[in-house]
Amino acid sequence: MYTPQIEDIKHTLNDIVGLEGLLESGVFGDLSADLVEAILIEGGKFASEVIAPLNRVGDEHGCKLDTQTNTVTTAPGWKDAYQQWAEGGWASLPCQEEYGGQGLPLLVGLASQELWNTASSAFALCTLLTQGAVNALKSHGSDELKQAYLPNMVSGKWTGTMCLTEPQAGTDLGALKSKAVANGDGSYAISGTKIFITYGEHDLTENIIHLVLARLPDAPEGYRGISLFVVPKFILNEDGSPGQRNDVKCVGLEHKLGIHGSPTAVLQFGDEGGATGWLVGQENRGLNCMFTMMNDARLHVGLQGVAVAERAFQQALSFAKERKQGSKKGSDGSVAIIEHADVARMLLDMKSKIAAARAICYECARALDLSEHLTDEAERSEQAALGALLTPIAKAFSTDMGLEVASLGVQVHGGMGFIEETGAAQHFRDVRITPIYEGTNGIQALDLIGRKLPLGNGEVVLNWLVAQGKIANSLGQELANVAALLKTAIARLEHATIIMLERIVKKDERAEAAATTYLHAFALVAGTAAIAKGAAASGDKSRIQLVRYFATNHLVQVVSLVEVVEGGAGEVLDSAKVLG
């Protein structure tokens, strides 16, 4: 069973990121708190009543490829659920009104995405990637492309994909070999093979809009020679309706550890002369365009980690309350396992880590929202930089956390967790991909130290640290111990940050060696400060107790993590030779 986490989302939105205050200020126009709550309640109903029952169906049934027609059929019930989702207007929540969207802030869209992903992450992947494709086209497409594709993508009538990876090029997009040759009429003939394409072929919608990276004949080598193209499954007729089938085929579906309900396709472009595509943005600048989509996806994948963790926690908590085993001093017979200290510890770990990661994701979304909605240009730039800084934290910490929590969910179930029929194992299998796709978490750490820490010559991250210090200083007596631990952690993280900035300037390899450890320390400070601020604002005793637990059991690790950043990075480089 899945109970929508409406109260936790509302707490994060209002007590942590201050949505109610933003609404009162008018920064989001006439959007009201009542409307946001109504969206959450109705979204929760749809997620729990329509999507959640299909999660197990998708896992067990999977998707089927017809090799004669190169078409894919999704699991029973999925097509109907998707059509209900689109008809309900859920696809258009955060999209521009100009193209049929509802123009709501990213914060509201992210909250609804959390509900879909908790109900079924495999189902929600389709909606997540389409949103990213919409943003890429909105930001970089010509007016003609926007008018041709965005209305139907915004409505959910069509879906979108991101076609990056090729067999010889995983993370290294500079090694892409797919080709694009001008047809002489403004279109291009696209040829090549793309792998790991989520929802690259399916039966949910009448058209699929692929965003494809490829090289022009005279393109320079490496990253600078990549262009981005729109390649629809069906070429549009003059009236905008789907017409002739394009030269793109699904030639395989990946057999995966998890997210079985989501078709992960191998797509072949150009077997019959070339798939017809149209350039998005400028020639050889495709990676810039794609990163608009990828950065959007990174935040949403971080939120996916939170969502699957939430589902795993709910199931583990329910099991722990019902499962009786072992006795305690003063009890007559067996007790519910939640009464055993180690089981309680695991559940507290799960709940507190979810709260911290959720807060980081929503803080990131808040910054990105304000970077678009504030009227002052300097303030918009400041918030854009903050959003950029928090994006790799949101993606990496939340997905690592999701994996840890799902694993603990199996552990709470004991031997029954290892048995598929309980469903605990599915959460673990489904979430395992999240630290990998949209840039592995190691790449997120490198992005953090290589691109985000140097923003504003280090001022962005140092200003952020000052802001965390202000939060620590604002905490009342009930959170005095948290404030003390937080101040110590902030001071240690600031010292580590200065060291990392110095290493980056000197191109010292120890910066890369310590990047993942540094990111984790950063996330523990960010998560603690956020949930402490929320607990203080709400005055809720259970939330105050939860942040105390997180601080005394996890924030305290920052001191040791910083020691690793400062001294252990050299050992990574020195000891790597023993790997052979």
# chains A, B, ... in the order shown; residues from 1 in each chain; ligands from 1
call {"tool": "select_by_dssp", "arguments": {"residues": "region 221-381 of chain A", "states": "strand (DSSP E or B)", "output": "ChimeraX atom specification"}}
result
/A:227-232,234-236,242-245,248-253,264-269,275-280,324,336
call {"tool": "write_last_selection", "arguments": {"atoms": "N, CA and C atoms", "output": "mmCIF file, in the first residue's frame"}}
result
data_model
loop_
_atom_site.group_PDB
_atom_site.id
_atom_site.type_symbol
_atom_site.label_atom_id
_atom_site.label_comp_id
_atom_site.auth_asym_id
_atom_site.auth_seq_id
_atom_site.Cartn_x
_atom_site.Cartn_y
_atom_site.Cartn_z
ATOM 1 N N SER A 227 25.918 18.362 -32.444
ATOM 2 C CA SER A 227 24.714 19.166 -32.668
ATOM 3 C C SER A 227 23.492 18.390 -32.175
ATOM 4 N N LEU A 228 22.411 19.107 -31.924
ATOM 5 C CA LEU A 228 21.185 18.502 -31.412
ATOM 6 C C LEU A 228 20.076 18.613 -32.454
ATOM 7 N N PHE A 229 19.306 17.525 -32.596
ATOM 8 C CA PHE A 229 18.247 17.472 -33.603
ATOM 9 C C PHE A 229 16.959 16.923 -33.000
ATOM 10 N N VAL A 230 15.842 17.443 -33.497
ATOM 11 C CA VAL A 230 14.525 16.867 -33.213
ATOM 12 C C VAL A 230 14.252 15.816 -34.272
ATOM 13 N N VAL A 231 13.990 14.596 -33.824
ATOM 14 C CA VAL A 231 13.694 13.500 -34.752
ATOM 15 C C VAL A 231 12.410 12.821 -34.276
ATOM 16 N N PRO A 232 11.259 13.134 -34.868
ATOM 17 C CA PRO A 232 10.005 12.529 -34.420
ATOM 18 C C PRO A 232 9.861 11.091 -34.927
ATOM 19 N N PHE A 234 7.070 9.859 -35.932
ATOM 20 C CA PHE A 234 6.277 10.082 -37.143
ATOM 21 C C PHE A 234 6.483 11.529 -37.606
ATOM 22 N N ILE A 235 6.883 11.692 -38.854
ATOM 23 C CA ILE A 235 7.054 13.032 -39.430
ATOM 24 C C ILE A 235 5.692 13.712 -39.506
ATOM 25 N N LEU A 236 5.651 14.991 -39.197
ATOM 26 C CA LEU A 236 4.379 15.696 -39.130
ATOM 27 C C LEU A 236 3.847 16.052 -40.516
ATOM 28 N N PRO A 242 0.581 13.520 -36.885
ATOM 29 C CA PRO A 242 1.593 12.522 -37.255
ATOM 30 C C PRO A 242 1.290 11.909 -38.615
ATOM 31 N N GLY A 243 2.329 11.837 -39.453
ATOM 32 C CA GLY A 243 2.143 11.299 -40.791
ATOM 33 C C GLY A 243 3.008 10.077 -41.036
ATOM 34 N N GLN A 244 3.949 10.201 -41.956
ATOM 35 C CA GLN A 244 4.795 9.077 -42.356
ATOM 36 C C GLN A 244 5.725 8.647 -41.230
ATOM 37 N N ARG A 245 5.917 7.315 -41.100
ATOM 38 C CA ARG A 245 6.845 6.782 -40.098
ATOM 39 C C ARG A 245 8.266 7.173 -40.474
ATOM 40 N N VAL A 248 13.438 5.548 -37.954
ATOM 41 C CA VAL A 248 14.000 5.238 -36.644
ATOM 42 C C VAL A 248 13.278 4.006 -36.113
ATOM 43 N N LYS A 249 14.047 3.008 -35.697
ATOM 44 C CA LYS A 249 13.475 1.742 -35.272
ATOM 45 C C LYS A 249 14.002 1.340 -33.898
ATOM 46 N N CYS A 250 13.134 0.715 -33.132
ATOM 47 C CA CYS A 250 13.563 0.073 -31.892
ATOM 48 C C CYS A 250 14.008 -1.342 -32.253
ATOM 49 N N VAL A 251 15.290 -1.616 -32.105
ATOM 50 C CA VAL A 251 15.823 -2.930 -32.492
ATOM 51 C C VAL A 251 16.125 -3.803 -31.274
ATOM 52 N N GLY A 252 15.849 -3.282 -30.079
ATOM 53 C CA GLY A 252 16.072 -4.081 -28.883
ATOM 54 C C GLY A 252 15.600 -3.372 -27.635
ATOM 55 N N LEU A 253 15.269 -4.172 -26.618
ATOM 56 C CA LEU A 253 14.969 -3.653 -25.288
ATOM 57 C C LEU A 253 15.978 -4.234 -24.311
ATOM 58 N N THR A 264 13.503 0.465 -21.978
ATOM 59 C CA THR A 264 14.804 1.073 -22.256
ATOM 60 C C THR A 264 15.267 0.545 -23.605
ATOM 61 N N ALA A 265 15.233 1.390 -24.623
ATOM 62 C CA ALA A 265 15.328 0.943 -26.009
ATOM 63 C C ALA A 265 16.714 1.128 -26.615
ATOM 64 N N VAL A 266 17.008 0.259 -27.555
ATOM 65 C CA VAL A 266 18.107 0.455 -28.497
ATOM 66 C C VAL A 266 17.469 0.974 -29.775
ATOM 67 N N LEU A 267 17.831 2.182 -30.175
ATOM 68 C CA LEU A 267 17.228 2.807 -31.358
ATOM 69 C C LEU A 267 18.233 2.869 -32.500
ATOM 70 N N GLN A 268 17.776 2.470 -33.658
ATOM 71 C CA GLN A 268 18.592 2.544 -34.876
ATOM 72 C C GLN A 268 18.023 3.641 -35.773
ATOM 73 N N PHE A 269 18.838 4.634 -36.049
ATOM 74 C CA PHE A 269 18.438 5.741 -36.928
ATOM 75 C C PHE A 269 19.085 5.556 -38.297
ATOM 76 N N ALA A 275 17.075 9.057 -40.881
ATOM 77 C CA ALA A 275 15.891 9.589 -40.209
ATOM 78 C C ALA A 275 15.867 11.109 -40.375
ATOM 79 N N THR A 276 14.709 11.645 -40.664
ATOM 80 C CA THR A 276 14.601 13.084 -40.885
ATOM 81 C C THR A 276 14.550 13.821 -39.552
ATOM 82 N N GLY A 277 15.458 14.784 -39.418
ATOM 83 C CA GLY A 277 15.517 15.574 -38.198
ATOM 84 C C GLY A 277 15.715 17.039 -38.492
ATOM 85 N N TRP A 278 15.524 17.871 -37.475
ATOM 86 C CA TRP A 278 15.672 19.318 -37.625
ATOM 87 C C TRP A 278 16.574 19.847 -36.514
ATOM 88 N N LEU A 279 17.457 20.747 -36.873
ATOM 89 C CA LEU A 279 18.454 21.279 -35.949
ATOM 90 C C LEU A 279 17.796 22.088 -34.827
ATOM 91 N N VAL A 280 18.260 21.847 -33.601
ATOM 92 C CA VAL A 280 17.847 22.625 -32.441
ATOM 93 C C VAL A 280 19.026 23.498 -32.036
ATOM 94 N N LYS A 324 5.825 -9.600 14.482
ATOM 95 C CA LYS A 324 6.196 -9.860 15.872
ATOM 96 C C LYS A 324 7.288 -10.918 15.925
ATOM 97 N N ALA A 336 6.305 -6.470 18.474
ATOM 98 C CA ALA A 336 6.530 -5.966 17.118
ATOM 99 C C ALA A 336 7.990 -5.556 16.983
#
call {"tool": "residues_around", "arguments": {"residues": "Ala189 (chain A)", "least_positions_apart": "4", "cutoff": "8 Å", "atoms": "only C-alpha atoms", "output": "PyMOL selection string"}}
result
chain A and resi 179-183+270+273-277
call {"tool": "write_last_selection", "arguments": {"atoms": "C-alpha atoms", "output": "short mmCIF file (atom, residue, chain, number, x, y, z; two decimals), in the first residue's frame"}}
result
data_model
loop_
_atom_site.label_atom_id
_atom_site.label_comp_id
_atom_site.auth_asym_id
_atom_site.auth_seq_id
_atom_site.Cartn_x
_atom_site.Cartn_y
_atom_site.Cartn_z
CA LYS A 179 25.88 11.50 -38.22
CA ALA A 180 23.69 14.26 -39.55
CA VAL A 181 23.79 15.28 -43.21
CA ALA A 182 21.86 18.26 -44.58
CA ASN A 183 19.05 17.31 -46.95
CA GLY A 270 18.85 5.74 -40.70
CA GLY A 273 18.67 6.34 -45.87
CA GLY A 274 18.42 8.53 -42.82
CA ALA A 275 15.89 9.59 -40.21
CA THR A 276 14.60 13.08 -40.88
CA GLY A 277 15.52 15.57 -38.20
#
call {"tool": "closest_residue", "arguments": {"among": "A:His202, A:Lys79, A:Lys506, A:Arg358", "to": "Lys10 (chain A)", "atoms": "only C-alpha atoms"}}
result
A:Arg358
call {"tool": "residues_around", "arguments": {"residues": "region 128-140 of chain A", "least_positions_apart": "5", "cutoff": "9 Å", "atoms": "only C-alpha atoms", "output": "number ranges by chain"}}
result
A: 91-92, 94-96, 113, 145-146, 149-150, 153-154, 156, 158-162, 198-199, 209-211, 230, 280-282, 289-297, 300-301
call {"tool": "write_last_selection", "arguments": {"atoms": "C-alpha atoms", "output": "CSV table (one decimal), in the first residue's frame"}}
result
chain,number,residue,atom,x,y,z
A,91,ALA,CA,1.6,17.0,-17.8
A,92,SER,CA,1.1,20.7,-18.2
A,94,PRO,CA,5.0,23.6,-14.9
A,95,CYS,CA,4.9,24.4,-18.6
A,96,GLN,CA,4.5,27.8,-20.2
A,113,GLN,CA,6.6,14.4,-9.7
A,145,LEU,CA,9.9,23.9,-33.9
A,146,LYS,CA,8.3,25.2,-30.7
A,149,TYR,CA,6.0,20.2,-31.1
A,150,LEU,CA,5.5,21.9,-27.8
A,153,MET,CA,4.3,17.6,-25.7
A,154,VAL,CA,3.0,20.0,-23.0
A,156,GLY,CA,1.1,14.9,-22.7
A,158,TRP,CA,3.2,13.2,-27.3
A,159,THR,CA,6.3,12.2,-25.2
A,160,GLY,CA,9.9,13.1,-25.5
A,161,THR,CA,13.3,11.3,-25.2
A,162,MET,CA,16.9,12.2,-24.7
A,198,THR,CA,14.2,5.5,-21.8
A,199,TYR,CA,10.8,5.2,-23.3
A,209,ILE,CA,9.8,13.2,-30.1
A,210,HIS,CA,13.4,12.2,-29.9
A,211,LEU,CA,16.1,14.8,-29.1
A,230,VAL,CA,14.5,16.9,-33.2
A,280,VAL,CA,17.8,22.6,-32.4
A,281,GLY,CA,19.9,25.7,-31.7
A,282,GLN,CA,23.2,26.3,-33.4
A,289,CYS,CA,21.2,22.5,-25.6
A,290,MET,CA,21.2,19.0,-24.2
A,291,PHE,CA,22.5,20.2,-20.8
A,292,THR,CA,19.4,22.2,-20.4
A,293,MET,CA,17.5,18.9,-20.5
A,294,MET,CA,20.1,17.0,-18.5
A,295,ASN,CA,20.3,19.5,-15.6
A,296,ASP,CA,16.5,19.5,-15.4
A,297,ALA,CA,16.6,15.7,-15.3
A,300,HIS,CA,14.2,15.2,-11.0
A,301,VAL,CA,16.3,12.0,-10.7
call {"tool": "select_by_dssp", "arguments": {"residues": "region 305-540 of chain A", "states": "alpha helix (DSSP H)", "output": "MDAnalysis selection string"}}
result
chainID A and resid 305:322 341:373 377:413 424:431 441:447 459:474 480:506 510:513 515:538
call {"tool": "atom_distance", "arguments": {"atom1": "CA of Leu23 (chain A)", "atom2": "CA of Val36 (chain A)"}}
result
10.0 Å
call {"tool": "closest_residue", "arguments": {"among": "A:Val482, A:Leu374, A:Ala111, A:Leu555", "to": "Gly29 (chain A)", "atoms": "only C-alpha atoms"}}
result
A:Leu374
